[in-house]
Structure formats: C-alpha cells, structure tokens
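Down below is the structure, laid out as structure tokens.
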Amino acid sequence: MRTINTPTNAFHFGEIDPLASDRTDTEYLAMSASRLMNMRQLPQGGVSRRPGLKHKNELGISKEWFYPFIFDSEQQYVVGLKDGFATIRSANFSTLHAQVAAPWDADMIDALRVTQYADTMLIFHKLMPTQILKRTGATSFTLEAMEFESTPDLHELHQPYLQFDQGISLTVSGTVGTVTLTTNTAFWNNDYVGLRVRVRVGTADYRQIEITAVTSGTVATGLVKSSKGAWNIWEKNKEYVSGEEIVNFSKLYRCIESGASSNDGTGPGHASGQLSEGDGATPKWLYLNSGPTFDFWEEPVFSAVRGHPRAGKFIANRLWLGGSDFKPSGVWASQAGAFFNHDLGRGFDADAIAYGVTGDAVSHVKYIIGSQHIQIFTDRSEFFVPQEVGKPVTPESFDPRYQSGYGCSDVEPVQFDGGTLFIDTSGKAVREFLFEDKSVSYQSNDTAILSSHLIKDPVDMAAISGRQDLPAPMAFVINSDGTMAVYTSNKGQNTFGWVEWSTDGKFLQVLRVDKEIYVMVERIIEGQARYFLEALEPEFHMDAALMLTNGTETTTWAGLSHLEGKTVHATSTSPDGIVYLGSTVVAGGSATFSYARDNVQIGLDYTPILTLHKPDFAVSEGSIRGKKRRVAKVAVNVKDSGEFLVDGKEVIVRKASNPTLDPPLLNGLKKFRGLGWSDDGYTTITQSKPLPLTIVSITQEVVF
C-alpha cells in the first residue's frame, strides 16, 4: 500500500459538471469541487457558507416583479409591477410611497421590460402602448401612455413611420381639411382611428393625416394635419419630373412629361384635360379629378395595429426602441437629447435613427444594451455598433455588425466584469459578450462550460461588481426549478466558477439596487404559496431571517408571522462567540427556545455541502483510477467557523462541562479520520447548524 497527501487549496473553478469530472489532465480539477451547494467562493481561493437572506417584505399570495428606480445617489426607489398596478417603495423596501393603476394584467407581467433615466421609467410590452412612470415629487409618481413629441401646432407628430405594405396604394381626395382616404385593397380597421398616416410629397417633404373614422376596409376619413399647406405648390423656373404631383389654383395636377417650368408663367390652370405651359413646351400636366394617389405612404411603426416595442433603453442621450411584432428586427433611436422625438430629419448627426438588423433569417430584437459599444441582442444573433473613440453614434455611422449566432433568451443581459452576460436560447449556457481589441470584435464564450449542469432554463439574472463584504464580482442566475446558480469571476487570476444555492422554497427573481442584492422567494406557509422579498446579507446564516434584540434576556421571540408553522433555528452572539439555541416551530408569530438571550438571529436553515472530487491522481506506474482506495485522514483548515461535519463526523466546539458558555469560533487545522475502502473516496463537508463556516483548504491522506 502507498499513501499520498492530496491538497485542495483553491476552489476558483467552482462546481464541475459530472461530464468533466474525470479530466485529471486539466488544471481546473485541482481548483474545484464535485459539489458546492450553498457555498460562496472567496477571491483568496477558499469557500464559505453562502450569505443568508434577511426578511424584508411579505408580498402575499401574488407575485410582483421589481426594478430599481435610481433618481440620484440620495433618492432611490424600487418599482414593483403586479396585476393591474405599479407600486413604488423606498430602496430598502421599508416604505410604500405610491401605488398607481396600470394597463397590464398578471399574464403580461413576465414579459414587461423597463428602462429608466433621471425621473422617468418606461415600461414596455408588445401588446401595450409604452407606459411612462414619472416621478413628480419625492414620494409621488404618475403613470400614463408614452406620447411622441409634436410641433407646437400639433400638425407634425415625431414618431417613427414605416411602409409595411408596399403593394397597397393610397388615394387622398383632397389636399387640406377633411379628406377621404381610399386604398386599392382592404386595409383599414377601427384600430386606425386616432392614428396618423404619412404621405411623401416631393423628394423629402411629408404630410400627416389623422384618421378620424373608418367606413370600410378600403375607405377611411382623415384630417390633413400639415401646417405646410397643400402638397407641392407650383413654382416658377423649377425642374419637374414625370409622375410628380403639384397643386395650382387649388387644383391637383400630375406631370406627364418632364421639363422646367417657365420663368414668367402662372402654371397649369385648365379645368380638365391635358395642358402644357405653352405651345409645345414642357413640362406637360394632367389634371386629376380625384386626389393624389401615393404608392409610397407610411403608418406609425408602433400602434395597436402593428404592435408596440418589446424593449427599449436610454443610451448615449437617445431613447432606443426595438422589436415590434410587424418589424421584429427594427431598431429606432430618438434624436440626440430629445428622447421622444423620432424625426429622421435630413440625417444630420443629431437626427433620429431607423435601422433593421440583418441575418440569414428574420431576427426579433430582444434587448439593446449600452456598454463599451451599443449591443443588440436578438433571438438569433448578437450585434454591436462600432464607433470612434470620443464620437457619438450618428445616423451615418450606425452600422450594427453581426458577431455571433447563439441568440438571446428572454432574460435581460447584464454588464459584468468588463463584459455582458447573456443567457443563450438553449437555456444551458451563460455567455459573456466580451470585446477583444486584437480582433476588434466580440466573442461569446460560455462561462458555464465546466458547470452546465447548474444552468437550468434561467428566468432572471443580476450582477454586482463587488462590495466590501462581497469583494468579488458575482452574477446571480435564477433557474426555472427555483434554484440559483452563482458565478464568481476573477479575471486577474484568470479563474471563474459556478456554484448552486437553494432555499426552503423557490427563488423566483433577483434584483440589484445599487450594491444590494434582493431576491423574491416563494415559500409554502401553512400549506399556501406566499411570496417574500429578502436581502442577501453576509452576516446572516439563515434565510427569511430576522435579527432581534431585547432589553433583557428572554426565551420567547415575537414578530415571526411570516414563518408561521415553519421550523426555525436561532443563534445568538456575544463578544466571546456564537451559540446555537436550537430549533422550534413558529406558533402565533412567536418562537420559544430553551436558552434565554438578549439577541437572536432567527430563520430557516439551509445546508452547505462541499464534496471533493474523487482522488484519481497519477503515480509513477499510471493512474489509481479503478483501484480501491481509502481516505485515511482529512485535514480541514478553517477560519472563524462554527461546528461542521466531515463525512458525517462533527467537530465539537462546546465543552460538555459548560454548555451555556458561548463557544469560540474554530481556526486552523481540524483533523478527521476516515473509514473503510471504496472505489471513489469522496469527502463531503456539511453543517447541521446555521453557523459561520470558512474553509481555507482541505488535505486528504489517501491510501491505495
């Protein structure tokens, strides 16, 4: 028999997919584990018990999706979207400032998208006019449908327009006032009432007509809104081309032979028939008994007829919109500095932008993200918009470039550690959209390639860049099964890894507000599903937990109605250490424990699990894979830790002679003896009590 010590000094690569567990030829196996449940990776290499969750708010029996609303560093809010309402709370969820009626229902909530800048939040859904949630005071808000800017006389509405049906022509009965609009095939329905169509007269001049009534599928009534008068007015000494239409003496004419108008004439004026502006001269005109007919005419991009934007974003002093049903690949940006003005103008630098991303098939724009570049994520592909350093994107420079073809899921991408994380359409990969200077392009590498078993059709994601008590960048991915996959990145050491977190219930949403992380959790309380908001808190070692104090020592603690009927655990701290007070069932909103204390932390326990890889290492004559082996000893180096178990054996901290003393936290090497021979030699570390646990390293003494 031979004996070898195998140390594991770091867990940077997290929990490894079982499909990769035999890759002893790679470096990542030496810095990872077979199982890391409810553990957190540390930048130095070790792991600790994951942060607990502090109870913040009970939401009742209906879900509510939350989004941050950051006005400035002092005034921050959380907006909740639920069936028929928007709620506005303080950033720490302690105060409900306002609740306003909203046009969405419970079936729409999952697909709502938001963007926010200064005192304005926009809320998007493809079936609903975009809504503006406006902060009107420190604690007052209004909600109303978004309206595009118009000229002061209301004659021109600066919304995006598009010709959807190129084969349909439009005849307008007149040039001013109330007119009849007739199409050559069925087109109109009552949803067009109140909308505007736009016709082009000349090369770059437009007139808007507001639809006031619909008579049939081919006939509608409208009001000419333009303040520029009728269409094109006849002018002296001007070159006209065949097909161009003009108005002269309130009558409409069409050019049938190109030429230049005279310098001293009055233009066409006959009541009917063919007319030249002089014997044998050109241009020649044809009087039209009916109004002008347009083959090119447009309607609003966004409407009840054509759908509304699925997504939008305030980026680089513009409002970007995308992804309507009838133009799913379209991207529209407002004029610079005028978020609700989408007039394309003459294509000057500050004018609006309209574009359609291209590919081998129609793509649906899911998200537009502002990062190092403007990034566009569709259901099929990923794009970015190149731009010169220090120069803004303009109508001329806007040129989205295809980068990869994975497609983005319905989960919003998040900026993370220099890149952008997105869930691809497989539901099994979390990819990092990261710019490479050398190739001047983006790569979309799978961050979870070594831990794909932890990514299970995600439904939400958030990330933080680090804070004092959570120094490493972390991304939190909510899976459809209610677990959470947590990603820690350390680009300085070229290491990254995933672990899994679970709770008594299901994680449903994760939310970042400034540097705080909140989760919405579903828990079964007295047989009924109820929803709660809880905050990630490193000082807590339980979920749905509260830190309670009392002026004198007591055994009974109230204020626990959110955990009615649940088995809860309690700990208490003092300058000397931390003590576990036991468990009990909450009744009448209170819990009673055996020991009296003046402070407690009470909540739901969760079990951290660390299982090392089986020790399949190489020796001079080959590998020990397939051979019987025995883990004779396990030495665990811990820091400031409570009691824990190694393969079911618990290290005892409290001395039996004085069980009421607060036990000291453990530090240094703690050694355990192993039992028996096996084919694998797995070592598992867990806890049976909600106490702190930090593992610096683990060394196995393996006999084979």
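By convention in this document, the chains of the structure tokens carry letters A, B, ... by their order, each chain's residues are numbered from 1, and ligands are numbered from 1 in the order they are shown.
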
Please identify all polymer residues within 12 Å of segment 354-364 of chain A, counting only C-alpha atoms, omitting same-chain residues fewer than 4 positions from it, and present them as a ChimeraX atom specification.
/A:126,159-162,301,309-311,319-335,342-345,347,368,375-385,394-410

Could you pull the residues within 6 Å of segment 570-586 of chain A, counting only C-alpha atoms, minus those fewer than 6 positions along the same chain, as a VMD selection string?
chain A and resid 564 599 to 602 662 to 664

Nearest to Leu122 of chain A: which of A:Arg200, A:Leu645, A:Phe314, A:Gln76 is it, counting only C-alpha atoms?
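Ranking A:Arg200, A:Leu645, A:Phe314, A:Gln76 by distance to Leu122 of chain A, first place goes to A:Phe314.
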
Excluding segment 481-494 of chain A and any residue of its chain fewer than 4 positions from it, enumerate the residues within 7 Å of it, using only C-alpha atoms, and give them as an NGL selection string.
:A and (41 or 454-455 or 472-477 or 498-502 or 506-508)

Expected file: the selected residues, all heavy atoms, as a compact mmCIF listing (two decimals), in the first residue's frame:
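Once written, again39.txt looks like this:
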```
# COMPACT_ATOMS: atom_id res chain seq x y z
N GLN A 41 -17.56 31.20 -3.21
CA GLN A 41 -16.13 31.21 -3.48
C GLN A 41 -15.52 32.51 -2.99
O GLN A 41 -16.12 33.59 -3.11
CB GLN A 41 -15.87 31.06 -4.98
CG GLN A 41 -16.38 29.75 -5.55
CD GLN A 41 -16.73 29.90 -7.02
OE1 GLN A 41 -17.81 30.35 -7.37
NE2 GLN A 41 -15.80 29.52 -7.88
N LEU A 454 -25.54 23.20 -13.84
CA LEU A 454 -26.13 24.14 -12.89
C LEU A 454 -27.02 25.17 -13.58
O LEU A 454 -27.74 25.91 -12.90
CB LEU A 454 -25.02 24.86 -12.12
CG LEU A 454 -24.07 23.98 -11.30
CD1 LEU A 454 -23.07 24.86 -10.57
CD2 LEU A 454 -24.84 23.10 -10.33
N ILE A 455 -27.00 25.23 -14.91
CA ILE A 455 -27.79 26.20 -15.66
C ILE A 455 -29.02 25.49 -16.21
O ILE A 455 -28.91 24.64 -17.10
CB ILE A 455 -26.96 26.83 -16.80
CG1 ILE A 455 -25.60 27.31 -16.27
CG2 ILE A 455 -27.74 27.95 -17.44
CD1 ILE A 455 -25.70 28.33 -15.15
N ALA A 472 -15.67 40.09 -4.57
CA ALA A 472 -15.50 39.60 -5.93
C ALA A 472 -16.74 39.88 -6.77
O ALA A 472 -17.87 39.85 -6.26
CB ALA A 472 -15.22 38.10 -5.92
N PRO A 473 -16.58 40.16 -8.07
CA PRO A 473 -17.76 40.28 -8.95
C PRO A 473 -18.57 38.99 -8.94
O PRO A 473 -18.01 37.90 -9.08
CB PRO A 473 -17.15 40.55 -10.33
CG PRO A 473 -15.79 41.10 -10.05
CD PRO A 473 -15.33 40.41 -8.81
N MET A 474 -19.89 39.12 -8.78
CA MET A 474 -20.76 37.95 -8.70
C MET A 474 -21.99 38.15 -9.57
O MET A 474 -22.55 39.24 -9.61
CB MET A 474 -21.20 37.69 -7.25
CG MET A 474 -20.07 37.42 -6.28
SD MET A 474 -20.66 37.23 -4.57
CE MET A 474 -21.49 35.63 -4.68
N ALA A 475 -22.38 37.10 -10.29
CA ALA A 475 -23.62 37.10 -11.07
C ALA A 475 -24.56 36.05 -10.48
O ALA A 475 -24.11 34.95 -10.10
CB ALA A 475 -23.34 36.81 -12.53
N PHE A 476 -25.84 36.37 -10.43
CA PHE A 476 -26.84 35.51 -9.82
C PHE A 476 -27.88 35.14 -10.87
O PHE A 476 -28.53 36.02 -11.44
CB PHE A 476 -27.51 36.21 -8.64
CG PHE A 476 -26.54 36.76 -7.63
CD1 PHE A 476 -26.01 38.04 -7.78
CD2 PHE A 476 -26.13 36.00 -6.54
CE1 PHE A 476 -25.11 38.55 -6.87
CE2 PHE A 476 -25.22 36.50 -5.62
CZ PHE A 476 -24.71 37.78 -5.78
N VAL A 477 -28.04 33.86 -11.14
CA VAL A 477 -28.94 33.38 -12.19
C VAL A 477 -30.02 32.52 -11.56
O VAL A 477 -29.73 31.49 -10.91
CB VAL A 477 -28.16 32.56 -13.25
CG1 VAL A 477 -29.12 31.96 -14.27
CG2 VAL A 477 -27.13 33.45 -13.95
N TRP A 498 -18.79 28.45 -11.03
CA TRP A 498 -20.19 28.46 -10.66
C TRP A 498 -20.45 27.56 -9.46
O TRP A 498 -19.81 26.51 -9.31
CB TRP A 498 -21.05 27.97 -11.82
CG TRP A 498 -21.12 28.91 -12.98
CD1 TRP A 498 -20.25 28.98 -14.03
CD2 TRP A 498 -22.12 29.90 -13.21
NE1 TRP A 498 -20.65 29.95 -14.90
CE2 TRP A 498 -21.81 30.53 -14.43
CE3 TRP A 498 -23.27 30.30 -12.52
CZ2 TRP A 498 -22.58 31.56 -14.97
CZ3 TRP A 498 -24.04 31.32 -13.05
CH2 TRP A 498 -23.70 31.94 -14.25
N VAL A 499 -21.39 27.97 -8.62
CA VAL A 499 -21.89 27.13 -7.53
C VAL A 499 -23.41 27.21 -7.55
O VAL A 499 -23.99 28.03 -8.28
CB VAL A 499 -21.34 27.58 -6.15
CG1 VAL A 499 -19.83 27.48 -6.11
CG2 VAL A 499 -21.80 29.01 -5.84
N GLU A 500 -24.06 26.38 -6.75
CA GLU A 500 -25.53 26.38 -6.71
C GLU A 500 -26.02 26.72 -5.32
O GLU A 500 -25.46 26.24 -4.32
CB GLU A 500 -26.06 25.00 -7.13
CG GLU A 500 -27.59 24.96 -7.25
CD GLU A 500 -28.08 23.64 -7.81
OE1 GLU A 500 -27.90 22.60 -7.14
OE2 GLU A 500 -28.63 23.63 -8.93
N TRP A 501 -27.07 27.55 -5.26
CA TRP A 501 -27.71 27.88 -3.99
C TRP A 501 -29.16 27.41 -4.03
O TRP A 501 -29.82 27.43 -5.07
CB TRP A 501 -27.70 29.39 -3.75
CG TRP A 501 -26.32 29.97 -3.52
CD1 TRP A 501 -25.13 29.29 -3.51
CD2 TRP A 501 -26.01 31.35 -3.26
NE1 TRP A 501 -24.10 30.16 -3.27
CE2 TRP A 501 -24.60 31.42 -3.12
CE3 TRP A 501 -26.76 32.51 -3.16
CZ2 TRP A 501 -23.94 32.63 -2.86
CZ3 TRP A 501 -26.13 33.71 -2.91
CH2 TRP A 501 -24.72 33.77 -2.76
N SER A 502 -29.64 26.98 -2.87
CA SER A 502 -31.04 26.57 -2.73
C SER A 502 -31.59 27.15 -1.44
O SER A 502 -30.85 27.64 -0.59
CB SER A 502 -31.16 25.04 -2.73
OG SER A 502 -30.52 24.51 -1.58
N LYS A 506 -38.61 28.41 -3.35
CA LYS A 506 -38.07 28.62 -4.69
C LYS A 506 -37.64 30.08 -4.86
O LYS A 506 -38.37 31.00 -4.49
CB LYS A 506 -39.13 28.30 -5.76
CG LYS A 506 -39.55 26.85 -5.83
CD LYS A 506 -40.60 26.66 -6.92
CE LYS A 506 -41.03 25.20 -7.04
NZ LYS A 506 -42.04 25.02 -8.10
N PHE A 507 -36.45 30.26 -5.45
CA PHE A 507 -36.06 31.59 -5.89
C PHE A 507 -36.82 31.90 -7.18
O PHE A 507 -36.88 31.08 -8.10
CB PHE A 507 -34.56 31.65 -6.17
CG PHE A 507 -33.69 31.47 -4.96
CD1 PHE A 507 -32.87 30.37 -4.83
CD2 PHE A 507 -33.69 32.41 -3.94
CE1 PHE A 507 -32.05 30.19 -3.72
CE2 PHE A 507 -32.88 32.25 -2.82
CZ PHE A 507 -32.06 31.14 -2.71
N LEU A 508 -37.41 33.10 -7.26
CA LEU A 508 -38.17 33.49 -8.45
C LEU A 508 -37.56 34.66 -9.19
O LEU A 508 -37.64 34.73 -10.42
CB LEU A 508 -39.61 33.84 -8.05
CG LEU A 508 -40.44 32.72 -7.42
CD1 LEU A 508 -41.82 33.24 -7.08
CD2 LEU A 508 -40.53 31.52 -8.34
```

Would you work out the distance separating atom CA of Val224 of chain A from atom CA of Val193 of chain A, expressed in Å to one decimal?
13.9 Å

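Residues within 7 Å of Gly60 of chain A, counting only C-alpha atoms and excluding same-chain residues fewer than 2 positions away, are Glu58, Ser62, Arg530 and Tyr531 of chain A.
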
Print the selection's residues with all heavy atoms to a file, as a PDB file, in the first residue's frame.
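Listing of part.pdb after writing:
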```pdb
ATOM      1  N   GLU A  58     -43.236  41.034   3.029  1.00  0.00           N
ATOM      2  CA  GLU A  58     -44.125  39.960   2.580  1.00  0.00           C
ATOM      3  C   GLU A  58     -45.040  40.503   1.500  1.00  0.00           C
ATOM      4  O   GLU A  58     -45.680  41.543   1.670  1.00  0.00           O
ATOM      5  CB  GLU A  58     -44.946  39.398   3.733  1.00  0.00           C
ATOM      6  CG  GLU A  58     -45.841  38.251   3.294  1.00  0.00           C
ATOM      7  CD  GLU A  58     -46.548  37.547   4.442  1.00  0.00           C
ATOM      8  OE1 GLU A  58     -46.204  37.831   5.612  1.00  0.00           O
ATOM      9  OE2 GLU A  58     -47.437  36.719   4.160  1.00  0.00           O
ATOM     10  N   SER A  62     -49.656  36.869  -4.283  1.00  0.00           N
ATOM     11  CA  SER A  62     -49.470  37.175  -5.707  1.00  0.00           C
ATOM     12  C   SER A  62     -48.054  37.692  -5.936  1.00  0.00           C
ATOM     13  O   SER A  62     -47.487  38.405  -5.101  1.00  0.00           O
ATOM     14  CB  SER A  62     -50.487  38.218  -6.188  1.00  0.00           C
ATOM     15  OG  SER A  62     -50.346  39.415  -5.469  1.00  0.00           O
ATOM     16  N   ARG A 530     -46.740  31.593  -0.657  1.00  0.00           N
ATOM     17  CA  ARG A 530     -46.681  33.022  -0.390  1.00  0.00           C
ATOM     18  C   ARG A 530     -45.339  33.556  -0.870  1.00  0.00           C
ATOM     19  O   ARG A 530     -44.362  32.815  -0.977  1.00  0.00           O
ATOM     20  CB  ARG A 530     -46.905  33.305   1.100  1.00  0.00           C
ATOM     21  CG  ARG A 530     -48.377  33.108   1.499  1.00  0.00           C
ATOM     22  CD  ARG A 530     -48.558  32.879   2.972  1.00  0.00           C
ATOM     23  NE  ARG A 530     -48.150  34.008   3.796  1.00  0.00           N
ATOM     24  CZ  ARG A 530     -48.246  34.018   5.139  1.00  0.00           C
ATOM     25  NH1 ARG A 530     -48.765  32.974   5.776  1.00  0.00           N
ATOM     26  NH2 ARG A 530     -47.843  35.049   5.831  1.00  0.00           N
ATOM     27  N   TYR A 531     -45.308  34.863  -1.135  1.00  0.00           N
ATOM     28  CA  TYR A 531     -44.138  35.453  -1.776  1.00  0.00           C
ATOM     29  C   TYR A 531     -43.506  36.495  -0.862  1.00  0.00           C
ATOM     30  O   TYR A 531     -44.199  37.273  -0.201  1.00  0.00           O
ATOM     31  CB  TYR A 531     -44.542  36.071  -3.121  1.00  0.00           C
ATOM     32  CG  TYR A 531     -45.155  35.047  -4.043  1.00  0.00           C
ATOM     33  CD1 TYR A 531     -46.538  34.898  -4.111  1.00  0.00           C
ATOM     34  CD2 TYR A 531     -44.361  34.198  -4.795  1.00  0.00           C
ATOM     35  CE1 TYR A 531     -47.112  33.940  -4.934  1.00  0.00           C
ATOM     36  CE2 TYR A 531     -44.919  33.235  -5.614  1.00  0.00           C
ATOM     37  CZ  TYR A 531     -46.296  33.107  -5.681  1.00  0.00           C
ATOM     38  OH  TYR A 531     -46.858  32.147  -6.482  1.00  0.00           O
TER      39      TYR A 531
END
```

Counting only C-alpha atoms, the residue among A:Ile209, A:Ile70, A:Ala220, A:Met1 that lies closest to Lys628 of chain A is A:Met1

Leu252 of chain A proximity check over A:Val219, A:Ile478, A:Leu286, A:Leu29, using only C-alpha atoms: winner is A:Leu286

Any idea what's packed within 8 Å of segment 146-149 of chain A, counting only C-alpha atoms, ignoring anything in its chain fewer than 6 positions away? Could you give it as number ranges by chain?
A: 129-132, 157-159, 340-342

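In this comparison, which uses only C-alpha atoms, the residue of A:His541, A:His373, A:Arg207, A:Arg318 approaching Thr607 of chain A most closely is A:His541.
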
Within 9 Å of Val651 of chain A, counting only C-alpha atoms, which residues qualify if same-chain residues fewer than 6 places away don't, as a ChimeraX atom specification?
/A:642-645,670-672

Would you please extract all strand (DSSP E or B) residues from segment 291-380 of chain A, as assigned by DSSP on the backbone, and give them as a VMD selection string?
chain A and resid 293 to 294 297 to 300 303 307 311 to 315 318 to 322 330 to 333 335 338 353 to 356 365 to 370 374 to 378

Residue subset to file, keeping N, CA, C and O atoms, as a short mmCIF file (atom, residue, chain, number, x, y, z; two decimals), in the first residue's frame:
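See selection11.cif below for the written result:
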```cif
data_model
loop_
_atom_site.label_atom_id
_atom_site.label_comp_id
_atom_site.auth_asym_id
_atom_site.auth_seq_id
_atom_site.Cartn_x
_atom_site.Cartn_y
_atom_site.Cartn_z
N THR A 293 -52.70 60.04 -55.73
CA THR A 293 -52.53 58.63 -55.37
C THR A 293 -51.07 58.38 -55.04
O THR A 293 -50.18 58.78 -55.79
N PHE A 294 -50.84 57.73 -53.90
CA PHE A 294 -49.48 57.50 -53.43
C PHE A 294 -49.19 56.01 -53.36
O PHE A 294 -49.94 55.25 -52.73
N TRP A 297 -46.44 55.46 -48.96
CA TRP A 297 -47.04 56.14 -47.82
C TRP A 297 -46.80 55.28 -46.60
O TRP A 297 -46.54 54.08 -46.70
N GLU A 298 -46.85 55.89 -45.44
CA GLU A 298 -46.41 55.20 -44.22
C GLU A 298 -47.45 55.33 -43.11
O GLU A 298 -48.29 56.23 -43.12
N GLU A 299 -47.30 54.44 -42.16
CA GLU A 299 -48.12 54.48 -40.95
C GLU A 299 -47.20 54.37 -39.73
O GLU A 299 -46.00 54.09 -39.87
N PRO A 300 -47.70 54.59 -38.51
CA PRO A 300 -46.82 54.51 -37.34
C PRO A 300 -46.20 53.12 -37.18
O PRO A 300 -46.86 52.10 -37.39
N SER A 303 -48.21 50.76 -32.86
CA SER A 303 -49.64 51.05 -32.73
C SER A 303 -50.35 49.77 -32.31
O SER A 303 -49.75 48.69 -32.27
N GLY A 307 -48.43 46.60 -33.32
CA GLY A 307 -47.72 46.17 -32.12
C GLY A 307 -46.84 47.27 -31.56
O GLY A 307 -46.60 48.30 -32.20
N ALA A 311 -38.84 46.19 -26.27
CA ALA A 311 -37.74 46.60 -25.41
C ALA A 311 -37.30 48.00 -25.76
O ALA A 311 -37.57 48.52 -26.86
N GLY A 312 -36.61 48.65 -24.84
CA GLY A 312 -36.06 49.97 -25.08
C GLY A 312 -34.98 50.27 -24.06
O GLY A 312 -34.87 49.60 -23.03
N LYS A 313 -34.18 51.28 -24.36
CA LYS A 313 -33.09 51.62 -23.46
C LYS A 313 -32.68 53.08 -23.68
O LYS A 313 -32.59 53.55 -24.82
N PHE A 314 -32.44 53.78 -22.57
CA PHE A 314 -31.81 55.09 -22.65
C PHE A 314 -30.31 54.87 -22.77
O PHE A 314 -29.67 54.36 -21.85
N ILE A 315 -29.74 55.24 -23.91
CA ILE A 315 -28.30 55.05 -24.15
C ILE A 315 -27.76 56.27 -24.89
O ILE A 315 -28.34 56.69 -25.90
N ARG A 318 -29.93 59.15 -26.16
CA ARG A 318 -31.03 58.82 -27.05
C ARG A 318 -31.89 57.74 -26.40
O ARG A 318 -31.41 56.99 -25.54
N LEU A 319 -33.14 57.66 -26.85
CA LEU A 319 -34.01 56.55 -26.47
C LEU A 319 -34.04 55.56 -27.62
O LEU A 319 -34.45 55.91 -28.73
N TRP A 320 -33.61 54.34 -27.34
CA TRP A 320 -33.56 53.29 -28.35
C TRP A 320 -34.74 52.35 -28.15
O TRP A 320 -35.04 51.92 -27.03
N LEU A 321 -35.43 52.01 -29.25
CA LEU A 321 -36.59 51.13 -29.22
C LEU A 321 -36.38 49.99 -30.20
O LEU A 321 -35.69 50.15 -31.21
N GLY A 322 -36.99 48.84 -29.90
CA GLY A 322 -36.83 47.71 -30.82
C GLY A 322 -37.83 46.60 -30.60
O GLY A 322 -38.45 46.50 -29.54
N GLY A 330 -36.38 45.58 -36.26
CA GLY A 330 -36.17 47.01 -36.32
C GLY A 330 -35.55 47.59 -35.06
O GLY A 330 -35.80 47.13 -33.94
N VAL A 331 -34.74 48.62 -35.27
CA VAL A 331 -34.14 49.39 -34.17
C VAL A 331 -34.34 50.86 -34.48
O VAL A 331 -34.02 51.32 -35.59
N TRP A 332 -34.88 51.62 -33.53
CA TRP A 332 -35.13 53.04 -33.72
C TRP A 332 -34.52 53.80 -32.56
O TRP A 332 -34.65 53.40 -31.40
N ALA A 333 -33.85 54.90 -32.89
CA ALA A 333 -33.26 55.76 -31.86
C ALA A 333 -33.77 57.18 -32.04
O ALA A 333 -33.90 57.68 -33.16
N GLN A 335 -33.90 61.41 -31.60
CA GLN A 335 -32.92 62.46 -31.81
C GLN A 335 -32.10 62.64 -30.54
O GLN A 335 -32.55 62.36 -29.43
N ALA A 338 -33.42 64.46 -27.30
CA ALA A 338 -34.88 64.57 -27.39
C ALA A 338 -35.45 63.16 -27.44
O ALA A 338 -35.70 62.62 -28.52
N ILE A 353 -32.63 57.83 -35.76
CA ILE A 353 -32.06 56.69 -36.49
C ILE A 353 -33.13 55.62 -36.64
O ILE A 353 -33.88 55.33 -35.70
N ALA A 354 -33.19 55.02 -37.81
CA ALA A 354 -34.07 53.87 -38.05
C ALA A 354 -33.27 52.83 -38.82
O ALA A 354 -32.63 53.15 -39.82
N TYR A 355 -33.32 51.58 -38.37
CA TYR A 355 -32.47 50.55 -38.97
C TYR A 355 -33.09 49.18 -38.69
O TYR A 355 -33.80 49.00 -37.71
N GLY A 356 -32.76 48.24 -39.54
CA GLY A 356 -33.16 46.85 -39.31
C GLY A 356 -31.94 45.96 -39.30
O GLY A 356 -31.17 45.96 -40.27
N VAL A 365 -35.57 41.49 -32.13
CA VAL A 365 -34.75 42.24 -31.18
C VAL A 365 -35.28 42.01 -29.77
O VAL A 365 -36.46 42.26 -29.49
N LYS A 366 -34.43 41.49 -28.90
CA LYS A 366 -34.82 41.23 -27.51
C LYS A 366 -34.37 42.36 -26.59
O LYS A 366 -35.14 42.84 -25.75
N TYR A 367 -33.11 42.78 -26.73
CA TYR A 367 -32.56 43.79 -25.83
C TYR A 367 -31.55 44.66 -26.56
O TYR A 367 -30.84 44.19 -27.46
N ILE A 368 -31.48 45.92 -26.15
CA ILE A 368 -30.46 46.85 -26.60
C ILE A 368 -29.71 47.30 -25.35
O ILE A 368 -30.32 47.80 -24.40
N ILE A 369 -28.40 47.10 -25.33
CA ILE A 369 -27.60 47.32 -24.14
C ILE A 369 -26.53 48.37 -24.44
O ILE A 369 -25.89 48.34 -25.49
N GLY A 370 -26.34 49.30 -23.52
CA GLY A 370 -25.27 50.28 -23.64
C GLY A 370 -24.08 49.88 -22.80
O GLY A 370 -24.17 49.79 -21.58
N ILE A 374 -22.76 50.05 -28.27
CA ILE A 374 -24.17 49.68 -28.25
C ILE A 374 -24.26 48.23 -28.73
O ILE A 374 -23.74 47.87 -29.78
N GLN A 375 -24.90 47.39 -27.93
CA GLN A 375 -25.02 45.97 -28.23
C GLN A 375 -26.49 45.63 -28.47
O GLN A 375 -27.36 46.10 -27.74
N ILE A 376 -26.73 44.82 -29.48
CA ILE A 376 -28.10 44.43 -29.83
C ILE A 376 -28.20 42.92 -29.75
O ILE A 376 -27.46 42.20 -30.43
N PHE A 377 -29.10 42.44 -28.90
CA PHE A 377 -29.30 41.01 -28.72
C PHE A 377 -30.65 40.62 -29.32
O PHE A 377 -31.68 41.19 -28.97
N THR A 378 -30.63 39.65 -30.22
CA THR A 378 -31.86 39.16 -30.84
C THR A 378 -32.04 37.69 -30.49
O THR A 378 -31.20 37.08 -29.83
#
```

Non-local contacts of Asn190 of chain A (10 Å; only C-alpha atoms; under 4 positions in same chain excluded) as a ChimeraX atom specification
/A:194,211-217,220,305

d(atom CA of Ile88 of chain A, atom CA of Ser73 of chain A) in Å:
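Atom CA of Ile88 of chain A sits 17.0 Å away from atom CA of Ser73 of chain A.
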
Counting only C-alpha atoms, closest pick from A:Pro43, A:Pro283, A:Gly559, A:Gly80 relative to Leu96 of chain A is A:Gly80

Any idea what the distance is between atom CA of Glu74 of chain A and atom CA of Leu421 of chain A?
28.7 Å

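If only C-alpha atoms are the atoms counted, then among A:Arg35, A:Lys639, A:Arg630, A:Lys391 the closest residue to Asp679 of chain A is A:Arg630.
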